[in-house]
file input-v5.txt (compact mmCIF, C-alpha atoms)
# COMPACT_ATOMS: atom_id res chain seq x y z
CA MET A 792 0.00 0.00 0.00
CA LYS A 793 2.78 2.43 0.87
CA LEU A 794 4.71 1.62 -2.31
CA ASP A 795 1.60 2.12 -4.44
CA LYS A 796 1.04 5.50 -2.79
CA GLN A 797 4.63 6.58 -3.51
CA ILE A 798 4.30 5.52 -7.16
CA ALA A 799 1.00 7.41 -7.50
CA THR A 800 2.57 10.54 -6.00
CA SER A 801 5.54 10.37 -8.36
CA ASP A 802 3.24 9.88 -11.33
CA LEU A 803 1.12 12.85 -10.22
CA GLU A 804 4.19 15.09 -9.98
CA ARG A 805 5.32 14.06 -13.47
CA ARG A 806 1.90 14.76 -14.95
CA GLU A 807 1.75 18.14 -13.24
CA PHE A 808 5.13 19.05 -14.76
CA GLN A 809 4.03 17.88 -18.20
CA LEU A 810 0.84 19.95 -17.92
CA SER A 811 2.86 23.06 -17.05
CA VAL A 812 5.13 22.52 -20.07
CA PHE A 813 2.08 22.06 -22.28
CA VAL A 814 0.50 25.27 -20.96
CA CYS A 815 3.69 27.24 -21.60
CA LEU A 816 3.99 25.91 -25.15
CA ALA A 817 0.31 26.61 -25.82
CA ILE A 818 0.65 30.21 -24.60
CA VAL A 819 3.78 30.79 -26.67
CA VAL A 820 2.25 29.31 -29.84
CA LEU A 821 -1.03 31.17 -29.48
CA ALA A 822 0.66 34.44 -28.55
CA VAL A 823 3.12 34.28 -31.45
CA GLY A 824 0.38 33.32 -33.90
CA LEU A 825 -1.91 36.09 -32.75
CA ALA A 826 0.94 38.60 -32.76
CA LEU A 827 1.79 37.71 -36.37
CA LEU A 828 -1.84 38.18 -37.35
CA MET A 829 -2.11 41.48 -35.48
CA TYR A 830 1.21 42.96 -36.66
CA PRO A 831 0.19 44.04 -40.22
CA SER A 832 -3.01 45.74 -39.13
CA VAL A 833 -1.43 47.40 -36.10
CA PHE A 834 1.62 48.88 -37.81
CA SER A 835 0.15 49.58 -41.23
CA ASN A 836 -0.89 53.10 -40.19
CA ARG A 837 2.11 54.25 -38.14
CA GLU A 838 2.01 57.64 -39.92
CA ASN A 839 -1.34 58.39 -38.27
CA PRO A 840 -0.64 59.35 -34.62
CA SER A 841 -4.34 59.05 -33.67
CA THR A 842 -4.21 55.27 -34.04
CA ARG A 843 -1.52 54.47 -31.43
CA VAL A 844 -3.95 52.60 -29.18
CA PRO A 845 -3.70 49.36 -31.24
CA GLN A 846 0.10 49.52 -31.01
CA ILE A 847 -0.02 49.95 -27.25
CA ALA A 848 -2.47 47.07 -27.00
CA PHE A 849 -0.19 44.92 -29.17
CA PHE A 850 2.88 45.53 -26.98
CA GLY A 851 0.75 45.07 -23.86
CA PHE A 852 -0.46 41.70 -25.18
CA CYS A 853 3.11 40.56 -25.90
CA THR A 854 4.29 41.69 -22.46
CA LEU A 855 1.38 39.96 -20.73
CA SER A 856 2.09 36.73 -22.62
CA CYS A 857 5.76 36.83 -21.60
CA LEU A 858 4.86 37.52 -17.98
CA LEU A 859 2.40 34.62 -17.94
CA VAL A 860 5.03 32.20 -19.27
CA ALA A 861 7.58 33.55 -16.76
CA TYR A 862 5.08 33.06 -13.93
CA ILE A 863 4.46 29.41 -14.86
CA ILE A 864 8.20 28.73 -15.09
CA ASP A 865 8.85 30.48 -11.76
CA ARG A 866 6.02 28.47 -10.21
CA GLN A 867 7.59 25.20 -11.29
CA VAL A 868 11.00 26.26 -9.98
CA THR A 869 9.47 27.28 -6.62
CA ILE A 870 7.56 24.00 -6.32
CA HIS A 871 10.72 22.03 -7.09
CA ARG A 872 12.67 23.93 -4.42
CA LEU A 873 9.92 23.43 -1.85
CA ARG A 874 9.83 19.71 -2.56
CA ASP A 875 13.58 19.46 -2.14
CA GLN A 876 13.38 21.44 1.12
CA MET A 877 10.58 19.22 2.42
CA ALA A 878 12.57 16.09 1.55
CA LEU A 879 15.61 17.53 3.34
CA ASP A 880 13.52 18.43 6.40
CA ARG A 881 12.04 14.93 6.51
CA LYS A 882 15.52 13.43 6.29
CA ARG A 883 16.80 15.65 9.11
CA SER A 884 13.75 14.84 11.23
CA SER A 885 14.25 11.12 10.64
CA GLU A 886 17.92 11.38 11.58
CA ALA A 887 17.03 13.32 14.73
CA LEU A 888 14.48 10.67 15.75
CA ARG A 889 17.00 7.89 15.14
CA GLN A 890 19.62 9.70 17.18
CA ALA A 891 17.09 10.21 19.98
CA SER A 892 16.31 6.49 19.90
CA ALA A 893 20.03 5.65 20.06
CA ASP A 894 20.49 8.04 22.99
CA LEU A 895 17.53 6.50 24.81
CA LEU A 896 18.87 2.96 24.37
CA SER A 897 22.38 3.93 25.41
CA THR A 898 21.16 5.52 28.67
CA MET A 899 18.94 2.63 29.76
CA PRO A 900 20.17 0.46 32.67
CA ASN A 901 21.86 -2.76 31.52
CA PHE A 902 21.66 -6.43 32.51
CA ASN A 903 23.88 -6.11 35.60
CA THR A 904 21.68 -3.34 36.98
CA PHE A 905 18.63 -5.43 36.17
CA GLU A 906 19.97 -8.37 38.19
CA ASP A 907 20.81 -6.16 41.18
CA ARG A 908 17.42 -4.46 41.13
CA MET A 909 15.56 -7.77 40.75
CA THR A 910 17.39 -9.28 43.74
CA MET A 911 16.72 -6.19 45.85
CA GLU A 912 13.03 -6.10 44.94
CA PHE A 913 12.70 -9.83 45.64
CA ARG A 914 14.18 -9.45 49.12
CA ARG A 915 11.87 -6.54 49.82
CA ALA A 916 8.83 -8.48 48.59
CA ALA A 917 9.78 -11.56 50.63
CA ALA A 918 10.35 -9.53 53.80
CA ALA A 919 7.12 -7.56 53.51
CA GLU A 920 5.08 -10.44 52.05
CA LEU A 921 4.42 -8.48 48.86
CA LYS A 922 4.15 -9.60 45.27
CA LEU A 923 6.68 -9.12 42.49
CA SER A 924 6.50 -9.68 38.74
CA VAL A 925 9.18 -9.59 36.07
CA LEU A 926 8.58 -9.25 32.32
CA VAL A 927 10.99 -9.93 29.49
CA VAL A 928 10.06 -8.35 26.16
CA SER A 929 11.84 -9.72 23.10
CA ILE A 930 11.80 -7.77 19.83
CA LYS A 931 12.39 -9.34 16.42
CA LEU A 932 13.01 -6.87 13.61
CA ARG A 933 11.67 -7.54 10.15
CA PRO A 934 14.33 -8.05 7.42
CA ALA A 935 13.43 -4.71 5.83
CA PHE A 936 14.40 -2.94 9.07
CA SER A 937 17.59 -4.84 9.83
CA GLU A 938 19.74 -1.88 8.70
CA PRO A 939 21.41 -0.38 11.84
CA SER A 940 19.81 3.06 11.73
CA LEU A 941 16.33 1.68 11.04
CA GLY A 942 16.82 -0.97 13.70
CA MET A 943 17.81 1.61 16.32
CA SER A 944 14.74 3.67 15.54
CA ALA A 945 12.45 0.64 15.83
CA LEU A 946 14.01 -0.52 19.10
CA GLY A 947 13.87 2.99 20.52
CA ASP A 948 10.18 3.23 19.64
CA ALA A 949 9.60 -0.16 21.25
CA ALA A 950 11.31 0.97 24.45
CA LYS A 951 9.19 4.13 24.52
CA ALA A 952 6.02 2.09 23.97
CA VAL A 953 6.87 -0.16 26.92
CA SER A 954 7.79 2.78 29.18
CA ARG A 955 4.49 4.56 28.52
CA LYS A 956 2.53 1.59 29.86
CA LEU A 957 4.44 1.37 33.14
CA ARG A 958 3.79 2.95 36.53
CA GLU A 959 6.19 5.36 38.21
CA GLU A 960 7.54 2.65 40.52
CA ASP A 961 8.17 0.21 37.65
CA SER A 962 11.55 -0.05 35.94
CA ILE A 963 12.67 -0.97 32.43
CA PHE A 964 16.10 -2.30 31.52
CA ILE A 965 17.84 -3.34 28.33
CA LEU A 966 19.17 -6.87 28.66
CA ARG A 967 20.65 -6.85 25.17
CA SER A 968 19.93 -5.12 21.87
CA ALA A 969 16.54 -6.79 21.31
CA PHE A 970 15.54 -7.77 24.85
CA PHE A 971 13.99 -5.53 27.49
CA GLY A 972 13.42 -6.44 31.12
CA VAL A 973 10.67 -4.92 33.25
CA ILE A 974 10.39 -5.15 37.05
CA LEU A 975 6.92 -4.64 38.54
CA PRO A 976 7.01 -4.28 42.36
CA GLY A 977 3.80 -5.22 44.15
CA VAL A 978 2.24 -6.82 41.05
CA GLY A 979 0.88 -10.36 41.10
CA GLN A 980 0.24 -12.81 38.29
CA ALA A 981 -3.22 -11.52 37.36
CA ASP A 982 -2.16 -7.87 37.27
CA ALA A 983 1.00 -8.81 35.34
CA LYS A 984 -1.20 -10.28 32.60
CA GLN A 985 -3.15 -7.04 32.36
CA ILE A 986 0.03 -4.97 32.16
CA SER A 987 1.40 -7.36 29.53
CA GLY A 988 -1.75 -6.80 27.51
CA ARG A 989 -1.35 -3.02 27.68
CA ILE A 990 2.31 -3.31 26.68
CA ALA A 991 1.34 -5.54 23.77
CA GLU A 992 -1.12 -2.90 22.54
CA GLY A 993 1.55 -0.21 22.77
CA LEU A 994 4.09 -2.35 20.90
CA SER A 995 1.56 -3.10 18.17
CA ASP A 996 0.99 0.62 17.69
CA ALA A 997 4.76 1.25 17.70
CA ALA A 998 5.31 -1.43 15.05
CA GLY A 999 3.09 0.61 12.75
CA ALA A 1000 1.27 -0.31 9.57
CA SER A 1001 4.57 -1.41 8.04
CA ASP A 1002 4.91 -4.03 10.81
CA ARG A 1003 8.52 -3.09 11.61
CA PHE A 1004 8.93 -5.77 14.25
CA SER A 1005 7.25 -8.63 16.07
CA PHE A 1006 7.46 -9.14 19.82
CA LYS A 1007 6.98 -11.65 22.59
CA ILE A 1008 6.27 -10.94 26.25
CA GLU A 1009 7.20 -13.42 28.98
CA ALA A 1010 6.10 -12.95 32.60
CA ILE A 1011 6.85 -14.57 35.94
CA SER A 1012 5.43 -13.64 39.34
CA TYR A 1013 6.36 -14.17 42.97
CA PRO A 1014 5.02 -15.98 44.95
CA GLU A 1015 2.59 -17.62 42.46
CA GLN A 1016 5.20 -19.02 40.05
CA THR A 1017 8.49 -18.94 41.94
CA SER A 1018 9.64 -19.13 45.54
CA SER A 1019 13.27 -17.91 45.51
CA ALA A 1020 15.42 -15.25 43.93
CA HIS A 1021 17.63 -17.94 42.40
CA ASP A 1022 14.68 -19.57 40.63
CA LEU A 1023 13.55 -16.18 39.42
CA GLU A 1024 16.96 -15.48 37.90
CA LEU A 1025 17.06 -18.91 36.27
CA VAL A 1026 13.69 -18.38 34.61
CA VAL A 1027 14.63 -14.95 33.31
CA SER A 1028 17.99 -16.25 32.04
CA GLY A 1029 16.16 -19.05 30.27
CA TRP A 1030 14.25 -16.50 28.20
CA LEU A 1031 17.53 -15.06 26.92
CA PRO A 1032 19.80 -16.76 24.36
CA GLU A 1033 21.79 -19.49 26.08
CA THR A 1034 25.10 -18.48 24.47
CA ASP A 1035 25.02 -15.04 26.12
CA SER A 1036 27.05 -14.61 29.29
CA LYS A 1037 26.50 -11.65 31.61
CA GLU A 1038 29.41 -9.80 30.05
CA THR A 1039 28.10 -10.45 26.55
CA LYS A 1040 24.66 -9.20 27.49
CA MET A 1041 26.08 -6.01 28.89
CA LYS A 1042 28.17 -5.48 25.77
CA ASP A 1043 25.27 -6.18 23.41
CA ALA A 1044 23.11 -3.72 25.30
CA HIS A 1045 25.35 -0.89 24.10
CA SER A 1046 26.54 -2.33 20.79
CA TYR A 1047 24.46 0.14 18.74
CA VAL A 1048 25.81 3.29 20.38

call {"tool": "encode", "arguments": {"input": "input-v5.txt", "output": "structure tokens"}}
result
Amino acid sequence: MKLDKQIATSDLERREFQLSVFVCLAIVVLAVGLALLMYPSVFSNRENPSTRVPQIAFFGFCTLSCLLVAYIIDRQVTIHRLRDQMALDRKRSSEALRQASADLLSTMPNFNTFEDRMTMEFRRAAAAELKLSVLVVSIKLRPAFSEPSLGMSALGDAAKAVSRKLREEDSIFILRSAFFGVILPGVGQADAKQISGRIAEGLSDAAGASDRFSFKIEAISYPEQTSSAHDLELVVSGWLPETDSKETKMKDAHSYV
């Protein structure tokens, strides 16, 4: 659909240019033809000063025709410049958004911070008999968006979409380039499902009509699904690629900076 729209827009611009060229040629041909027909009758009586009105009208007609052609040409030049300026502005805006996404990803807490915060929140929940939930959001980019700059923009938008659905006390971390971790203090299994649903809606909107990426949300809750911090860490680690060590995860989390 997007490609068809771009083709239609390009075709419309070409037709508009061709119409302007046709109008200019038509004005020139008609003006020259009419001027040739008018010339003998206008300048046949130049000795008679009382008949200078036709001559003035003739020169006025020629001047008006030239001005009309100049206006159409200037209009086309102005439109071309505006289109180039708009394209440049869109490119700058896109680059600014991509840079903002890269800055957001580079400033997010990494896997080590995630582990420390998860252990701390688990101890607090166990001591106060509270609930705790942890989400892991995995993002899979489509092949068309695998280029680094496009990938950064998509991941940055995904991170923003997740952050908008969280509460003030919740935290989001980047575990690696395509994995985000979310810690939800005081949230049980049922509430975690509702939050996961809201996050899924936000990610679907962030993916856009072009379907830039797919995603998967995993959730685990204490005390319903786990009874120790060690088990919680094992489950979360199981959702990440097995070949990744802690050092590799931390490095991957900032590999796009």

call {"tool": "residues_around", "arguments": {"input": "input-v5.txt", "residues": "region 804-816 of chain A", "least_positions_apart": "6", "cutoff": "12 Å", "atoms": "all atoms listed in the file", "output": "ChimeraX atom specification"}}
result
/A:797-798,822-823,856-868,870-871,874

call {"tool": "closest_residue", "arguments": {"input": "input-v5.txt", "among": "A:Leu828, A:Ala917, A:Leu923, A:Leu1025", "to": "Gly977 (chain A)", "atoms": "only C-alpha atoms"}}
result
A:Leu923

call {"tool": "closest_residue", "arguments": {"input": "input-v5.txt", "among": "A:Asp982, A:Asp875, A:Asp948, A:Glu920", "to": "Ala998 (chain A)", "atoms": "all atoms listed in the file"}}
result
A:Asp948

call {"tool": "residues_around", "arguments": {"input": "input-v5.txt", "residues": "region 907-910 of chain A", "least_positions_apart": "4", "cutoff": "10 Å", "atoms": "all atoms listed in the file", "output": "short mmCIF file (atom, residue, chain, number, x, y, z; two decimals) with C-alpha atoms, in the frame of the given file"}}
result
data_model
loop_
_atom_site.label_atom_id
_atom_site.label_comp_id
_atom_site.auth_asym_id
_atom_site.auth_seq_id
_atom_site.Cartn_x
_atom_site.Cartn_y
_atom_site.Cartn_z
CA PHE A 902 21.66 -6.43 32.51
CA ASN A 903 23.88 -6.11 35.60
CA ARG A 914 14.18 -9.45 49.12
CA ARG A 915 11.87 -6.54 49.82
CA ALA A 916 8.83 -8.48 48.59
CA LEU A 923 6.68 -9.12 42.49
CA SER A 924 6.50 -9.68 38.74
CA VAL A 925 9.18 -9.59 36.07
CA SER A 962 11.55 -0.05 35.94
CA PHE A 964 16.10 -2.30 31.52
CA GLY A 972 13.42 -6.44 31.12
CA VAL A 973 10.67 -4.92 33.25
CA ILE A 974 10.39 -5.15 37.05
CA LEU A 975 6.92 -4.64 38.54
CA PRO A 976 7.01 -4.28 42.36
CA SER A 1019 13.27 -17.91 45.51
CA ALA A 1020 15.42 -15.25 43.93
CA HIS A 1021 17.63 -17.94 42.40
CA LEU A 1023 13.55 -16.18 39.42
CA GLU A 1024 16.96 -15.48 37.90
#

call {"tool": "atom_distance", "arguments": {"input": "input-v5.txt", "atom1": "CA of Trp1030 (chain A)", "atom2": "CA of Ser1005 (chain A)"}}
result
16.1 Å

call {"tool": "atom_distance", "arguments": {"input": "input-v5.txt", "atom1": "CA of Arg933 (chain A)", "atom2": "CA of Phe1004 (chain A)"}}
result
5.2 Å

call {"tool": "atom_distance", "arguments": {"input": "input-v5.txt", "atom1": "CA of Met899 (chain A)", "atom2": "CA of Ala950 (chain A)"}}
result
9.4 Å

call {"tool": "closest_atom_pairs", "arguments": {"input": "input-v5.txt", "of": "region 987-1020 of chain A", "to": "region 955-960 of chain A", "cutoff": "9 Å", "atoms": "all atoms listed in the file", "output": "tab-separated table"}}
result
residue	atom	partner	partner_atom	distance
A:Arg989	CA	A:Lys956	CA	6.4
A:Ile990	CA	A:Lys956	CA	5.8
A:Gly993	CA	A:Lys956	CA	7.4

call {"tool": "write_last_selection", "arguments": {"input": "input-v5.txt", "atoms": "C-alpha atoms", "output": "mmCIF file, in the frame of the given file"}}
result
data_model
loop_
_atom_site.group_PDB
_atom_site.id
_atom_site.type_symbol
_atom_site.label_atom_id
_atom_site.label_comp_id
_atom_site.auth_asym_id
_atom_site.auth_seq_id
_atom_site.Cartn_x
_atom_site.Cartn_y
_atom_site.Cartn_z
ATOM 1 C CA ARG A 989 -1.350 -3.020 27.680
ATOM 2 C CA ILE A 990 2.310 -3.310 26.680
ATOM 3 C CA GLY A 993 1.550 -0.210 22.770
#

call {"tool": "residues_around", "arguments": {"input": "input-v5.txt", "residues": "region 886-889 of chain A", "least_positions_apart": "3", "cutoff": "10 Å", "atoms": "all atoms listed in the file", "output": "mmCIF file with C-alpha atoms, keeping the file's coordinate frame"}}
result
data_model
loop_
_atom_site.group_PDB
_atom_site.id
_atom_site.type_symbol
_atom_site.label_atom_id
_atom_site.label_comp_id
_atom_site.auth_asym_id
_atom_site.auth_seq_id
_atom_site.Cartn_x
_atom_site.Cartn_y
_atom_site.Cartn_z
ATOM 1 C CA ASP A 880 13.520 18.430 6.400
ATOM 2 C CA ARG A 881 12.040 14.930 6.510
ATOM 3 C CA LYS A 882 15.520 13.430 6.290
ATOM 4 C CA ARG A 883 16.800 15.650 9.110
ATOM 5 C CA SER A 892 16.310 6.490 19.900
ATOM 6 C CA ALA A 893 20.030 5.650 20.060
ATOM 7 C CA ASP A 894 20.490 8.040 22.990
ATOM 8 C CA LEU A 895 17.530 6.500 24.810
ATOM 9 C CA PRO A 939 21.410 -0.380 11.840
ATOM 10 C CA SER A 940 19.810 3.060 11.730
ATOM 11 C CA LEU A 941 16.330 1.680 11.040
ATOM 12 C CA GLY A 942 16.820 -0.970 13.700
ATOM 13 C CA MET A 943 17.810 1.610 16.320
ATOM 14 C CA SER A 944 14.740 3.670 15.540
ATOM 15 C CA ALA A 945 12.450 0.640 15.830
ATOM 16 C CA LEU A 946 14.010 -0.520 19.100
ATOM 17 C CA GLY A 947 13.870 2.990 20.520
ATOM 18 C CA ASP A 948 10.180 3.230 19.640
#

call {"tool": "decode", "arguments": {"input": "input-v5.txt", "residues": "region 986-998 of chain A", "atoms": "N, CA, C and O atoms", "output": "PDB file, in the first residue's frame"}}
result
ATOM      1  N   ILE A 986      -1.030  -5.886  32.601  1.00  0.00           N
ATOM      2  CA  ILE A 986       0.033  -4.967  32.161  1.00  0.00           C
ATOM      3  C   ILE A 986       0.666  -5.476  30.875  1.00  0.00           C
ATOM      4  O   ILE A 986       0.974  -4.695  29.963  1.00  0.00           O
ATOM      5  N   SER A 987       0.851  -6.785  30.765  1.00  0.00           N
ATOM      6  CA  SER A 987       1.402  -7.355  29.532  1.00  0.00           C
ATOM      7  C   SER A 987       0.493  -7.059  28.343  1.00  0.00           C
ATOM      8  O   SER A 987       0.971  -6.774  27.238  1.00  0.00           O
ATOM      9  N   GLY A 988      -0.813  -7.115  28.579  1.00  0.00           N
ATOM     10  CA  GLY A 988      -1.751  -6.796  27.509  1.00  0.00           C
ATOM     11  C   GLY A 988      -1.648  -5.349  27.066  1.00  0.00           C
ATOM     12  O   GLY A 988      -1.680  -5.051  25.865  1.00  0.00           O
ATOM     13  N   ARG A 989      -1.492  -4.434  28.032  1.00  0.00           N
ATOM     14  CA  ARG A 989      -1.346  -3.017  27.680  1.00  0.00           C
ATOM     15  C   ARG A 989      -0.038  -2.783  26.927  1.00  0.00           C
ATOM     16  O   ARG A 989       0.011  -2.008  25.955  1.00  0.00           O
ATOM     17  N   ILE A 990       1.026  -3.447  27.370  1.00  0.00           N
ATOM     18  CA  ILE A 990       2.312  -3.311  26.684  1.00  0.00           C
ATOM     19  C   ILE A 990       2.215  -3.849  25.262  1.00  0.00           C
ATOM     20  O   ILE A 990       2.763  -3.265  24.317  1.00  0.00           O
ATOM     21  N   ALA A 991       1.505  -4.967  25.098  1.00  0.00           N
ATOM     22  CA  ALA A 991       1.343  -5.544  23.766  1.00  0.00           C
ATOM     23  C   ALA A 991       0.605  -4.578  22.834  1.00  0.00           C
ATOM     24  O   ALA A 991       0.959  -4.439  21.658  1.00  0.00           O
ATOM     25  N   GLU A 992      -0.409  -3.895  23.354  1.00  0.00           N
ATOM     26  CA  GLU A 992      -1.123  -2.901  22.541  1.00  0.00           C
ATOM     27  C   GLU A 992      -0.192  -1.764  22.128  1.00  0.00           C
ATOM     28  O   GLU A 992      -0.206  -1.311  20.976  1.00  0.00           O
ATOM     29  N   GLY A 993       0.615  -1.291  23.087  1.00  0.00           N
ATOM     30  CA  GLY A 993       1.551  -0.206  22.765  1.00  0.00           C
ATOM     31  C   GLY A 993       2.588  -0.633  21.749  1.00  0.00           C
ATOM     32  O   GLY A 993       2.936   0.139  20.831  1.00  0.00           O
ATOM     33  N   LEU A 994       3.092  -1.858  21.861  1.00  0.00           N
ATOM     34  CA  LEU A 994       4.089  -2.347  20.901  1.00  0.00           C
ATOM     35  C   LEU A 994       3.476  -2.531  19.520  1.00  0.00           C
ATOM     36  O   LEU A 994       4.141  -2.277  18.504  1.00  0.00           O
ATOM     37  N   SER A 995       2.229  -2.960  19.470  1.00  0.00           N
ATOM     38  CA  SER A 995       1.556  -3.104  18.169  1.00  0.00           C
ATOM     39  C   SER A 995       1.417  -1.755  17.480  1.00  0.00           C
ATOM     40  O   SER A 995       1.622  -1.636  16.270  1.00  0.00           O
ATOM     41  N   ASP A 996       1.080  -0.731  18.264  1.00  0.00           N
ATOM     42  CA  ASP A 996       0.994   0.619  17.690  1.00  0.00           C
ATOM     43  C   ASP A 996       2.368   1.112  17.250  1.00  0.00           C
ATOM     44  O   ASP A 996       2.498   1.762  16.218  1.00  0.00           O
ATOM     45  N   ALA A 997       3.411   0.807  18.050  1.00  0.00           N
ATOM     46  CA  ALA A 997       4.763   1.255  17.703  1.00  0.00           C
ATOM     47  C   ALA A 997       5.286   0.549  16.457  1.00  0.00           C
ATOM     48  O   ALA A 997       6.055   1.132  15.694  1.00  0.00           O
ATOM     49  N   ALA A 998       4.873  -0.704  16.252  1.00  0.00           N
ATOM     50  CA  ALA A 998       5.307  -1.430  15.052  1.00  0.00           C
ATOM     51  C   ALA A 998       4.784  -0.763  13.793  1.00  0.00           C
ATOM     52  O   ALA A 998       5.436  -0.803  12.738  1.00  0.00           O
TER      53      ALA A 998
END
